$ cat target16.txt   # compact mmCIF, C-alpha atoms
# COMPACT_ATOMS: atom_id res chain seq x y z
CA MET A 150 29.75 33.72 -80.48
CA PRO A 151 28.12 37.10 -79.74
CA ASP A 152 25.84 38.68 -82.29
CA THR A 153 27.37 41.65 -84.11
CA SER A 154 25.50 44.44 -85.83
CA HIS A 155 26.30 47.77 -87.45
CA GLY A 156 24.23 50.92 -87.31
CA PHE A 157 24.16 54.65 -87.90
CA ILE A 158 22.78 57.29 -85.58
CA ARG A 159 22.10 60.97 -86.10
CA LEU A 160 23.60 63.19 -83.38
CA PRO A 161 24.02 66.98 -83.16
CA GLY A 162 27.58 66.47 -84.43
CA GLY A 163 26.49 64.54 -87.52
CA ARG A 164 25.87 60.97 -88.62
CA PHE A 165 27.86 58.41 -86.65
CA HIS A 166 28.59 54.76 -87.33
CA TYR A 167 28.76 52.23 -84.53
CA GLN A 168 29.06 48.51 -83.93
CA HIS A 169 27.12 46.56 -81.32
CA TRP A 170 27.93 43.14 -79.86
CA THR A 171 25.53 41.16 -77.66
CA GLY A 172 26.13 37.81 -75.98
CA PRO A 173 24.01 35.41 -73.92
CA HIS A 174 24.92 36.82 -70.51
CA GLY A 175 24.89 40.60 -70.89
CA ASP A 176 23.81 41.43 -67.33
CA ARG A 177 26.58 43.94 -66.53
CA PRO A 178 26.71 47.62 -67.51
CA PRO A 179 27.31 48.11 -71.23
CA ALA A 180 30.80 48.91 -72.47
CA LEU A 181 31.49 51.76 -74.88
CA LEU A 182 34.81 51.61 -76.73
CA LEU A 183 36.59 54.68 -78.14
CA HIS A 184 39.39 54.11 -80.64
CA GLY A 185 42.57 56.14 -81.05
CA GLY A 186 43.42 58.72 -83.68
CA THR A 187 43.49 57.39 -87.28
CA ALA A 188 41.73 54.18 -86.12
CA SER A 189 38.10 52.97 -86.24
CA THR A 190 35.74 50.50 -84.59
CA GLU A 191 37.68 47.75 -86.39
CA THR A 192 40.47 48.12 -83.82
CA TRP A 193 38.21 46.38 -81.27
CA ARG A 194 37.33 43.36 -83.43
CA HIS A 195 39.10 40.87 -81.11
CA ILE A 196 38.29 42.61 -77.82
CA ALA A 197 34.59 43.38 -78.17
CA PRO A 198 33.32 39.79 -78.71
CA VAL A 199 35.01 38.66 -75.49
CA LEU A 200 33.63 41.59 -73.48
CA ALA A 201 30.20 40.82 -74.94
CA GLY A 202 30.18 37.52 -73.06
CA THR A 203 29.14 39.43 -69.92
CA ARG A 204 27.79 42.80 -71.13
CA PRO A 205 26.46 44.59 -74.23
CA VAL A 206 29.32 46.25 -76.09
CA TYR A 207 29.28 49.30 -78.35
CA ALA A 208 32.08 50.88 -80.35
CA VAL A 209 31.63 54.13 -82.22
CA ASP A 210 33.62 55.67 -85.05
CA LEU A 211 34.61 59.09 -83.72
CA ARG A 212 34.02 62.13 -85.90
CA GLY A 213 36.21 62.17 -88.98
CA HIS A 214 37.01 58.46 -88.64
CA GLY A 215 35.68 55.18 -89.99
CA LEU A 216 32.22 55.54 -91.48
CA SER A 217 31.23 58.52 -89.33
CA ALA A 218 30.84 62.00 -90.72
CA GLN A 219 33.70 64.42 -91.10
CA SER A 220 33.53 67.47 -88.88
CA PRO A 221 31.80 70.12 -91.01
CA ASP A 222 34.18 72.86 -89.87
CA ASP A 223 37.27 70.64 -89.40
CA SER A 224 36.98 70.96 -85.61
CA TYR A 225 38.25 68.05 -83.54
CA HIS A 226 38.64 69.59 -80.09
CA LEU A 227 38.65 66.99 -77.33
CA TRP A 228 35.68 68.61 -75.60
CA LEU A 229 33.72 68.59 -78.87
CA VAL A 230 34.34 64.89 -79.51
CA ALA A 231 33.54 64.20 -75.84
CA ASP A 232 30.16 65.86 -76.33
CA ASP A 233 29.55 63.56 -79.31
CA ILE A 234 30.04 60.57 -77.02
CA THR A 235 27.81 61.98 -74.30
CA ASP A 236 25.12 62.49 -76.96
CA PHE A 237 25.64 58.90 -78.12
CA ILE A 238 25.21 57.58 -74.57
CA THR A 239 22.04 59.64 -74.13
CA VAL A 240 20.39 58.79 -77.45
CA MET A 241 21.25 55.09 -77.21
CA GLY A 242 19.99 54.96 -73.61
CA LEU A 243 23.17 53.41 -72.20
CA GLU A 244 22.92 53.19 -68.41
CA ARG A 245 26.13 53.62 -66.40
CA PRO A 246 28.39 52.40 -69.21
CA LEU A 247 31.94 51.24 -68.75
CA LEU A 248 33.91 53.67 -70.92
CA ILE A 249 37.13 52.38 -72.46
CA GLY A 250 39.34 54.67 -74.52
CA HIS A 251 42.65 54.15 -76.29
CA SER A 252 45.17 56.95 -76.90
CA TRP A 253 43.19 59.85 -78.48
CA GLY A 254 40.00 58.02 -77.47
CA ALA A 255 41.34 57.85 -73.91
CA ALA A 256 41.98 61.60 -73.99
CA VAL A 257 38.39 62.13 -75.18
CA ALA A 258 37.07 59.87 -72.42
CA LEU A 259 39.10 61.67 -69.75
CA VAL A 260 37.93 65.11 -70.88
CA GLN A 261 34.35 63.81 -70.93
CA ALA A 262 34.50 62.23 -67.46
CA ALA A 263 36.11 65.37 -66.02
CA ALA A 264 33.64 67.63 -67.90
CA CYS A 265 36.56 69.84 -68.91
CA ARG A 266 35.29 72.54 -71.30
CA THR A 267 32.49 70.26 -72.45
CA ARG A 268 29.04 71.65 -73.20
CA ARG A 269 27.43 68.53 -71.74
CA PRO A 270 27.71 67.40 -68.10
CA ALA A 271 29.77 64.32 -67.38
CA PRO A 272 27.70 61.15 -67.98
CA ASP A 273 27.00 58.64 -65.24
CA LEU A 274 29.65 55.95 -65.78
CA SER A 275 30.28 52.70 -63.92
CA ALA A 276 34.04 52.97 -64.51
CA LEU A 277 36.64 54.47 -66.82
CA VAL A 278 39.51 52.58 -68.50
CA LEU A 279 42.21 54.73 -70.07
CA GLU A 280 44.64 52.80 -72.26
CA GLU A 281 47.80 54.78 -73.02
CA VAL A 282 46.17 58.16 -72.41
CA PRO A 283 48.58 60.85 -73.65
CA PRO A 284 49.84 63.18 -70.90
CA THR A 285 49.36 65.93 -73.49
CA MET A 286 48.68 65.92 -77.21
CA ALA A 287 51.08 68.83 -77.61
CA SER A 288 54.23 66.75 -77.99
CA PRO A 289 56.80 66.54 -80.81
CA VAL A 290 56.34 62.77 -81.01
CA LEU A 291 52.60 63.07 -81.66
CA THR A 292 53.12 65.93 -84.11
CA GLU A 293 55.56 63.78 -86.08
CA PHE A 294 53.16 60.84 -85.99
CA ALA A 295 50.27 63.02 -87.16
CA GLU A 296 52.17 64.25 -90.19
CA ALA A 297 53.28 60.76 -91.18
CA ALA A 298 49.72 59.45 -90.76
CA ALA A 299 48.25 62.38 -92.69
CA GLU A 300 50.38 61.48 -95.69
CA LEU A 301 48.75 58.04 -95.77
CA ALA A 302 45.22 59.03 -94.76
CA GLY A 303 42.63 58.26 -97.42
CA SER A 304 45.00 56.10 -99.47
CA PRO A 305 43.88 52.67 -100.74
CA ALA A 306 43.94 50.10 -97.96
CA ASP A 307 46.27 47.73 -99.84
CA LEU A 308 48.81 50.53 -100.32
CA ILE A 309 48.71 51.37 -96.61
CA GLN A 310 49.18 47.70 -95.72
CA ALA A 311 52.22 47.53 -98.00
CA VAL A 312 53.75 50.61 -96.34
CA ILE A 313 53.23 49.14 -92.87
CA ARG A 314 54.86 45.85 -93.84
CA ALA A 315 57.73 47.62 -95.60
CA ALA A 316 58.54 49.40 -92.32
CA GLY A 317 59.93 46.10 -91.10
CA THR A 318 57.82 45.79 -87.96
CA GLN A 319 56.45 42.36 -87.14
CA HIS A 320 52.67 42.55 -86.93
CA THR A 321 49.89 40.05 -87.55
CA ASP A 322 47.72 40.33 -90.63
CA ALA A 323 44.79 41.30 -88.38
CA TYR A 324 46.80 44.16 -86.87
CA VAL A 325 47.85 45.46 -90.28
CA HIS A 326 44.25 45.20 -91.52
CA THR A 327 42.81 47.27 -88.69
CA VAL A 328 45.49 49.96 -88.97
CA ALA A 329 44.97 50.21 -92.72
CA HIS A 330 41.19 50.29 -92.33
CA GLY A 331 41.41 53.24 -89.98
CA LEU A 332 43.81 55.25 -92.14
CA HIS A 333 41.88 54.49 -95.32
CA HIS A 334 38.64 55.80 -93.78
CA THR A 335 39.92 59.19 -92.69
CA THR A 336 41.44 62.26 -94.36
CA PRO A 337 44.64 64.29 -94.00
CA ALA A 338 42.58 67.23 -92.72
CA ALA A 339 40.93 65.11 -90.03
CA VAL A 340 44.24 63.62 -88.88
CA ARG A 341 45.92 67.02 -88.63
CA GLY A 342 42.83 68.48 -86.95
CA VAL A 343 42.68 65.75 -84.30
CA PHE A 344 46.23 66.34 -83.13
CA ALA A 345 46.31 70.12 -83.55
CA ASP A 346 43.00 70.66 -81.74
CA GLY A 347 43.85 68.03 -79.12
CA ALA A 348 47.06 69.88 -78.32
CA ARG A 349 45.03 72.96 -77.39
CA GLN A 350 43.55 71.12 -74.39
CA GLY A 351 46.89 71.30 -72.58
CA ASP A 352 48.04 68.88 -69.89
CA LEU A 353 45.57 66.03 -69.47
CA LEU A 354 46.75 64.10 -66.41
CA PRO A 355 45.61 66.73 -63.86
CA LEU A 356 42.06 66.08 -65.09
CA LEU A 357 42.18 62.71 -63.32
CA ALA A 358 41.58 64.52 -60.04
CA ALA A 359 38.21 65.75 -61.33
CA VAL A 360 36.91 62.27 -62.26
CA SER A 361 34.32 60.91 -59.83
CA VAL A 362 34.22 57.28 -61.02
CA PRO A 363 36.74 54.43 -60.65
CA VAL A 364 39.63 54.79 -63.11
CA LEU A 365 42.02 52.18 -64.49
CA LEU A 366 45.13 53.52 -66.21
CA LEU A 367 46.81 51.04 -68.55
CA ARG A 368 50.34 51.66 -69.75
CA SER A 369 52.28 49.67 -72.32
CA ASP A 370 55.90 48.68 -71.84
CA PRO A 371 58.17 51.74 -72.24
CA ALA A 372 60.95 49.39 -73.33
CA VAL A 373 58.78 48.53 -76.35
CA ARG A 374 56.74 51.66 -77.08
CA SER A 375 54.65 53.79 -74.76
CA GLY A 376 53.22 57.27 -74.96
CA ILE A 377 53.63 57.69 -71.19
CA ASP A 378 57.16 58.24 -69.93
CA THR A 379 58.28 57.58 -66.35
CA ALA A 380 57.78 61.17 -65.18
CA ALA A 381 54.24 61.27 -66.55
CA TRP A 382 53.43 57.89 -64.98
CA ARG A 383 54.48 59.25 -61.60
CA GLN A 384 52.44 62.40 -62.19
CA ALA A 385 49.39 60.30 -63.00
CA ARG A 386 49.70 58.52 -59.65
CA HIS A 387 49.60 61.89 -57.90
CA HIS A 388 46.31 62.87 -59.57
CA LEU A 389 44.60 59.45 -59.56
CA PRO A 390 41.25 59.32 -57.70
CA PRO A 391 41.10 57.20 -54.52
CA ASP A 392 39.33 54.33 -56.30
CA GLY A 393 41.87 54.21 -59.10
CA ARG A 394 44.48 51.77 -60.28
CA MET A 395 47.54 51.85 -62.52
CA THR A 396 48.73 48.79 -64.44
CA GLN A 397 51.66 48.34 -66.81
CA ILE A 398 51.54 45.48 -69.32
CA ALA A 399 55.00 43.96 -69.79
CA GLY A 400 56.05 43.49 -73.40
CA ALA A 401 53.07 45.40 -74.78
CA ASP A 402 53.20 47.97 -77.56
CA HIS A 403 51.25 51.25 -77.47
CA ASP A 404 48.26 49.34 -78.85
CA ILE A 405 47.90 47.03 -75.86
CA HIS A 406 44.45 45.79 -76.88
CA ARG A 407 45.82 44.69 -80.25
CA THR A 408 49.26 43.33 -79.33
CA HIS A 409 48.34 41.82 -75.93
CA PRO A 410 44.56 41.33 -75.95
CA GLY A 411 44.60 38.63 -73.29
CA GLU A 412 46.43 40.76 -70.78
CA PHE A 413 44.28 43.76 -71.67
CA LEU A 414 41.05 41.84 -71.10
CA ALA A 415 42.32 40.31 -67.85
CA ALA A 416 43.21 43.74 -66.46
CA VAL A 417 39.82 45.20 -67.40
CA GLU A 418 37.91 42.23 -65.98
CA GLU A 419 39.83 42.20 -62.70
CA PHE A 420 39.25 45.95 -62.26
CA THR A 421 35.56 46.06 -63.18
CA ARG A 422 34.26 42.82 -61.67
CA ALA A 423 33.34 44.24 -58.26
CA ARG A 424 32.81 47.83 -59.40
CA ASP A 425 30.11 46.88 -61.92
CA ARG A 426 27.84 45.90 -59.04
CA THR A 427 28.32 48.91 -56.77

$ encode --input "target16.txt" --output "structure tokens"
Amino acid sequence: MPDTSHGFIRLPGGRFHYQHWTGPHGDRPPALLLHGGTASTETWRHIAPVLAGTRPVYAVDLRGHGLSAQSPDDSYHLWLVADDITDFITVMGLERPLLIGHSWGAAVALVQAAACRTRRPAPDLSALVLEEVPPTMASPVLTEFAEAAAELAGSPADLIQAVIRAAGTQHTDAYVHTVAHGLHHTTPAAVRGVFADGARQGDLLPLLAAVSVPVLLLRSDPAVRSGIDTAAWRQARHHLPPDGRMTQIAGADHDIHRTHPGEFLAAVEEFTRARDRT
């Protein structure tokens, strides 16, 4: 099994918590994993050890989440969080990392790679994997989700777990644990800030055309739950860079890496295998 460690790092945006996994054959570019809104590094607990079989893996708690610092002025603009990640890459000395983002984390990664309104230039990446990137964060569905999540944010973890199970959805204990961990370690102000400030970025899919590295778009099954409808999926194809790919995971929920980790890992490996060495 890979070695796992936790650490804290001081960046211009505050004190950030991260996890690091290393295995015996880490000869490929490091991977940096960005969780979604209301989540934390714990969301990657079953994905990161597998990725660490071939590369060093890092996951960072984004500002206002997990064990990282709250934003001192309650600012959670996508460009601001993207600059946090560019600072993390620079300070940690990560060379040409594979950047993987889920949902809000995918929006952050896309803004970062496109250098849209960021104060830092786009980092040198080996590839970009966007799992369920929202076409825009200014949607009624996300606003409704944000308010429901804000009501639970900061509550005891066992209470959050009970609420999730009472909703009647069938999830594993590990899934419920990671969701509860993320909500417990954030605040109502941070949750509302993430979605309100994210909405100010506008439409995100056109930013794909400004990305200069290979991009893999992963979409869950719209018949189950996806944040990308058919029209947005078609729009994404129009903006996708030449060395890009779009993959839909049948039967998967919005959290593909948690509900279908095998399929998620297979898609990432197939996409990055040759590109890691170019």

$ atom_distance --input "target16.txt" --atom1 "atom CA of A:Pro270" --atom2 "atom CA of A:Ala255"
17.6 Å

$ residues_near_point --input "target16.txt" --point "(22.2, 39.7, -78.3)" --cutoff "12 Å" --atoms "only C-alpha atoms" --output "ChimeraX atom specification"
/A:150-154,169-176,198,201-207

$ write_last_selection --input "target16.txt" --atoms "C-alpha atoms" --output "PDB file, keeping the file's coordinate frame"
ATOM      1  CA  MET A 150      29.750  33.720 -80.480  1.00  0.00           C
ATOM      2  CA  PRO A 151      28.120  37.100 -79.740  1.00  0.00           C
ATOM      3  CA  ASP A 152      25.840  38.680 -82.290  1.00  0.00           C
ATOM      4  CA  THR A 153      27.370  41.650 -84.110  1.00  0.00           C
ATOM      5  CA  SER A 154      25.500  44.440 -85.830  1.00  0.00           C
ATOM      6  CA  HIS A 169      27.120  46.560 -81.320  1.00  0.00           C
ATOM      7  CA  TRP A 170      27.930  43.140 -79.860  1.00  0.00           C
ATOM      8  CA  THR A 171      25.530  41.160 -77.660  1.00  0.00           C
ATOM      9  CA  GLY A 172      26.130  37.810 -75.980  1.00  0.00           C
ATOM     10  CA  PRO A 173      24.010  35.410 -73.920  1.00  0.00           C
ATOM     11  CA  HIS A 174      24.920  36.820 -70.510  1.00  0.00           C
ATOM     12  CA  GLY A 175      24.890  40.600 -70.890  1.00  0.00           C
ATOM     13  CA  ASP A 176      23.810  41.430 -67.330  1.00  0.00           C
ATOM     14  CA  PRO A 198      33.320  39.790 -78.710  1.00  0.00           C
ATOM     15  CA  ALA A 201      30.200  40.820 -74.940  1.00  0.00           C
ATOM     16  CA  GLY A 202      30.180  37.520 -73.060  1.00  0.00           C
ATOM     17  CA  THR A 203      29.140  39.430 -69.920  1.00  0.00           C
ATOM     18  CA  ARG A 204      27.790  42.800 -71.130  1.00  0.00           C
ATOM     19  CA  PRO A 205      26.460  44.590 -74.230  1.00  0.00           C
ATOM     20  CA  VAL A 206      29.320  46.250 -76.090  1.00  0.00           C
ATOM     21  CA  TYR A 207      29.280  49.300 -78.350  1.00  0.00           C
TER      22      TYR A 207
END

$ closest_residue --input "target16.txt" --among "A:Leu308, A:Ala287, A:Met395, A:Leu354" --to "A:Arg368" --atoms "all atoms listed in the file"
A:Met395

$ residues_around --input "target16.txt" --residues "A:Pro371" --least-positions-apart "3" --cutoff "9 Å" --atoms "only C-alpha atoms" --output "list of chain:residue names"
A:Arg368, A:Arg374, A:Ser375, A:Gly376, A:Ile377, A:Asp378, A:Thr379, A:Ala399, A:Gly400, A:Ala401, A:Asp402, A:His403

$ write_last_selection --input "target16.txt" --atoms "C-alpha atoms" --output "short mmCIF file (atom, residue, chain, number, x, y, z; two decimals), in the frame of the given file"
data_model
loop_
_atom_site.label_atom_id
_atom_site.label_comp_id
_atom_site.auth_asym_id
_atom_site.auth_seq_id
_atom_site.Cartn_x
_atom_site.Cartn_y
_atom_site.Cartn_z
CA ARG A 368 50.34 51.66 -69.75
CA ARG A 374 56.74 51.66 -77.08
CA SER A 375 54.65 53.79 -74.76
CA GLY A 376 53.22 57.27 -74.96
CA ILE A 377 53.63 57.69 -71.19
CA ASP A 378 57.16 58.24 -69.93
CA THR A 379 58.28 57.58 -66.35
CA ALA A 399 55.00 43.96 -69.79
CA GLY A 400 56.05 43.49 -73.40
CA ALA A 401 53.07 45.40 -74.78
CA ASP A 402 53.20 47.97 -77.56
CA HIS A 403 51.25 51.25 -77.47
#

$ closest_residue --input "target16.txt" --among "A:Val325, A:Ala306, A:Leu353, A:Ala262" --to "A:Pro284" --atoms "only C-alpha atoms"
A:Leu353

$ closest_residue --input "target16.txt" --among "A:His195, A:Gly186, A:Val209, A:Gly303" --to "A:Gly156" --atoms "all atoms listed in the file"
A:Val209

$ residues_around --input "target16.txt" --residues "A:Leu365" --least-positions-apart "6" --cutoff "10 Å" --atoms "only C-alpha atoms" --output "list of chain:residue names"
A:Ile249, A:Ala276, A:Leu277, A:Val278, A:Leu279, A:Glu280, A:Leu389, A:Pro390, A:Asp392, A:Gly393, A:Arg394, A:Met395, A:Thr396, A:Ala416, A:Val417, A:Phe420, A:Thr421

$ closest_residue --input "target16.txt" --among "A:Phe165, A:Trp193, A:Phe157, A:Phe344" --to "A:His214" --atoms "only C-alpha atoms"
A:Phe165

$ atom_distance --input "target16.txt" --atom1 "atom CA of A:Gly250" --atom2 "atom CA of A:Leu182"
5.9 Å

$ residues_near_point --input "target16.txt" --point "(45.0, 55.3, -98.9)" --cutoff "9 Å" --atoms "all atoms listed in the file" --output "PyMOL selection string"
chain A and resi 300-309+329+332-335

$ atom_distance --input "target16.txt" --atom1 "atom CA of A:Leu181" --atom2 "atom CA of A:Ala231"
12.6 Å

$ axis_aligned_box --input "target16.txt" --around "stretch 337-352 of chain A" --padding-each-side "3 Å" --output "lines of an AutoDock Vina configuration file"
center_x = 44.5
center_y = 68.3
center_z = -81.9
size_x = 13.1
size_y = 15.3
size_z = 30.1

$ closest_residue --input "target16.txt" --among "A:Gly331, A:Pro178, A:Gly213, A:Gly351" --to "A:Arg266" --atoms "all atoms listed in the file"
A:Gly351

$ build_atoms --input "target16.txt" --residues "stretch 318-329 of chain A" --atoms "all heavy atoms" --output "PDB file, in the coordinates of the input"
ATOM      1  N   THR A 318      58.350  46.214 -89.251  1.00  0.00           N
ATOM      2  CA  THR A 318      57.820  45.790 -87.960  1.00  0.00           C
ATOM      3  C   THR A 318      57.043  44.487 -88.119  1.00  0.00           C
ATOM      4  O   THR A 318      56.402  44.250 -89.137  1.00  0.00           O
ATOM      5  CB  THR A 318      56.887  46.862 -87.379  1.00  0.00           C
ATOM      6  OG1 THR A 318      55.905  47.209 -88.365  1.00  0.00           O
ATOM      7  CG2 THR A 318      57.677  48.103 -87.007  1.00  0.00           C
ATOM      8  N   GLN A 319      57.105  43.659 -87.101  1.00  0.00           N
ATOM      9  CA  GLN A 319      56.450  42.360 -87.140  1.00  0.00           C
ATOM     10  C   GLN A 319      55.043  42.464 -86.546  1.00  0.00           C
ATOM     11  O   GLN A 319      54.896  42.546 -85.328  1.00  0.00           O
ATOM     12  CB  GLN A 319      57.276  41.310 -86.396  1.00  0.00           C
ATOM     13  CG  GLN A 319      58.647  41.076 -86.988  1.00  0.00           C
ATOM     14  CD  GLN A 319      58.575  40.549 -88.416  1.00  0.00           C
ATOM     15  OE1 GLN A 319      57.797  39.632 -88.717  1.00  0.00           O
ATOM     16  NE2 GLN A 319      59.378  41.113 -89.287  1.00  0.00           N
ATOM     17  N   HIS A 320      54.049  42.488 -87.394  1.00  0.00           N
ATOM     18  CA  HIS A 320      52.670  42.550 -86.930  1.00  0.00           C
ATOM     19  C   HIS A 320      51.849  41.472 -87.630  1.00  0.00           C
ATOM     20  O   HIS A 320      52.152  41.063 -88.751  1.00  0.00           O
ATOM     21  CB  HIS A 320      52.057  43.918 -87.236  1.00  0.00           C
ATOM     22  CG  HIS A 320      52.615  45.045 -86.422  1.00  0.00           C
ATOM     23  ND1 HIS A 320      52.602  45.046 -85.041  1.00  0.00           N
ATOM     24  CD2 HIS A 320      53.207  46.206 -86.794  1.00  0.00           C
ATOM     25  CE1 HIS A 320      53.150  46.150 -84.595  1.00  0.00           C
ATOM     26  NE2 HIS A 320      53.539  46.874 -85.627  1.00  0.00           N
ATOM     27  N   THR A 321      50.785  41.036 -86.950  1.00  0.00           N
ATOM     28  CA  THR A 321      49.890  40.050 -87.550  1.00  0.00           C
ATOM     29  C   THR A 321      49.105  40.687 -88.687  1.00  0.00           C
ATOM     30  O   THR A 321      48.981  41.919 -88.787  1.00  0.00           O
ATOM     31  CB  THR A 321      48.917  39.502 -86.505  1.00  0.00           C
ATOM     32  OG1 THR A 321      48.058  40.573 -86.074  1.00  0.00           O
ATOM     33  CG2 THR A 321      49.653  38.923 -85.303  1.00  0.00           C
ATOM     34  N   ASP A 322      48.547  39.832 -89.537  1.00  0.00           N
ATOM     35  CA  ASP A 322      47.720  40.330 -90.630  1.00  0.00           C
ATOM     36  C   ASP A 322      46.516  41.097 -90.091  1.00  0.00           C
ATOM     37  O   ASP A 322      46.099  42.100 -90.681  1.00  0.00           O
ATOM     38  CB  ASP A 322      47.236  39.162 -91.500  1.00  0.00           C
ATOM     39  CG  ASP A 322      48.351  38.562 -92.345  1.00  0.00           C
ATOM     40  OD1 ASP A 322      49.405  39.230 -92.498  1.00  0.00           O
ATOM     41  OD2 ASP A 322      48.192  37.439 -92.845  1.00  0.00           O
ATOM     42  N   ALA A 323      45.945  40.628 -88.967  1.00  0.00           N
ATOM     43  CA  ALA A 323      44.790  41.300 -88.380  1.00  0.00           C
ATOM     44  C   ALA A 323      45.163  42.702 -87.916  1.00  0.00           C
ATOM     45  O   ALA A 323      44.397  43.658 -88.107  1.00  0.00           O
ATOM     46  CB  ALA A 323      44.239  40.482 -87.207  1.00  0.00           C
ATOM     47  N   TYR A 324      46.336  42.847 -87.321  1.00  0.00           N
ATOM     48  CA  TYR A 324      46.800  44.160 -86.870  1.00  0.00           C
ATOM     49  C   TYR A 324      46.959  45.094 -88.057  1.00  0.00           C
ATOM     50  O   TYR A 324      46.483  46.233 -88.036  1.00  0.00           O
ATOM     51  CB  TYR A 324      48.139  43.988 -86.143  1.00  0.00           C
ATOM     52  CG  TYR A 324      48.723  45.277 -85.592  1.00  0.00           C
ATOM     53  CD1 TYR A 324      48.563  45.611 -84.259  1.00  0.00           C
ATOM     54  CD2 TYR A 324      49.462  46.140 -86.406  1.00  0.00           C
ATOM     55  CE1 TYR A 324      49.108  46.783 -83.735  1.00  0.00           C
ATOM     56  CE2 TYR A 324      50.000  47.316 -85.902  1.00  0.00           C
ATOM     57  CZ  TYR A 324      49.825  47.626 -84.570  1.00  0.00           C
ATOM     58  OH  TYR A 324      50.360  48.785 -84.078  1.00  0.00           O
ATOM     59  N   VAL A 325      47.623  44.627 -89.093  1.00  0.00           N
ATOM     60  CA  VAL A 325      47.850  45.460 -90.280  1.00  0.00           C
ATOM     61  C   VAL A 325      46.516  45.848 -90.912  1.00  0.00           C
ATOM     62  O   VAL A 325      46.325  46.992 -91.342  1.00  0.00           O
ATOM     63  CB  VAL A 325      48.742  44.716 -91.295  1.00  0.00           C
ATOM     64  CG1 VAL A 325      48.843  45.495 -92.603  1.00  0.00           C
ATOM     65  CG2 VAL A 325      50.132  44.495 -90.702  1.00  0.00           C
ATOM     66  N   HIS A 326      45.567  44.915 -90.939  1.00  0.00           N
ATOM     67  CA  HIS A 326      44.250  45.200 -91.520  1.00  0.00           C
ATOM     68  C   HIS A 326      43.554  46.326 -90.776  1.00  0.00           C
ATOM     69  O   HIS A 326      43.003  47.244 -91.401  1.00  0.00           O
ATOM     70  CB  HIS A 326      43.382  43.950 -91.490  1.00  0.00           C
ATOM     71  CG  HIS A 326      41.921  44.231 -91.726  1.00  0.00           C
ATOM     72  ND1 HIS A 326      41.384  44.426 -92.977  1.00  0.00           N
ATOM     73  CD2 HIS A 326      40.885  44.375 -90.846  1.00  0.00           C
ATOM     74  CE1 HIS A 326      40.095  44.692 -92.879  1.00  0.00           C
ATOM     75  NE2 HIS A 326      39.764  44.664 -91.598  1.00  0.00           N
ATOM     76  N   THR A 327      43.543  46.260 -89.453  1.00  0.00           N
ATOM     77  CA  THR A 327      42.810  47.270 -88.690  1.00  0.00           C
ATOM     78  C   THR A 327      43.457  48.641 -88.797  1.00  0.00           C
ATOM     79  O   THR A 327      42.767  49.654 -88.871  1.00  0.00           O
ATOM     80  CB  THR A 327      42.667  46.867 -87.207  1.00  0.00           C
ATOM     81  OG1 THR A 327      43.967  46.685 -86.639  1.00  0.00           O
ATOM     82  CG2 THR A 327      41.872  45.578 -87.066  1.00  0.00           C
ATOM     83  N   VAL A 328      44.799  48.679 -88.804  1.00  0.00           N
ATOM     84  CA  VAL A 328      45.490  49.960 -88.970  1.00  0.00           C
ATOM     85  C   VAL A 328      45.186  50.553 -90.335  1.00  0.00           C
ATOM     86  O   VAL A 328      44.879  51.753 -90.468  1.00  0.00           O
ATOM     87  CB  VAL A 328      47.008  49.792 -88.778  1.00  0.00           C
ATOM     88  CG1 VAL A 328      47.741  51.089 -89.128  1.00  0.00           C
ATOM     89  CG2 VAL A 328      47.330  49.391 -87.344  1.00  0.00           C
ATOM     90  N   ALA A 329      45.236  49.732 -91.365  1.00  0.00           N
ATOM     91  CA  ALA A 329      44.970  50.210 -92.720  1.00  0.00           C
ATOM     92  C   ALA A 329      43.517  50.644 -92.877  1.00  0.00           C
ATOM     93  O   ALA A 329      43.229  51.646 -93.551  1.00  0.00           O
ATOM     94  CB  ALA A 329      45.301  49.114 -93.731  1.00  0.00           C
TER      95      ALA A 329
END
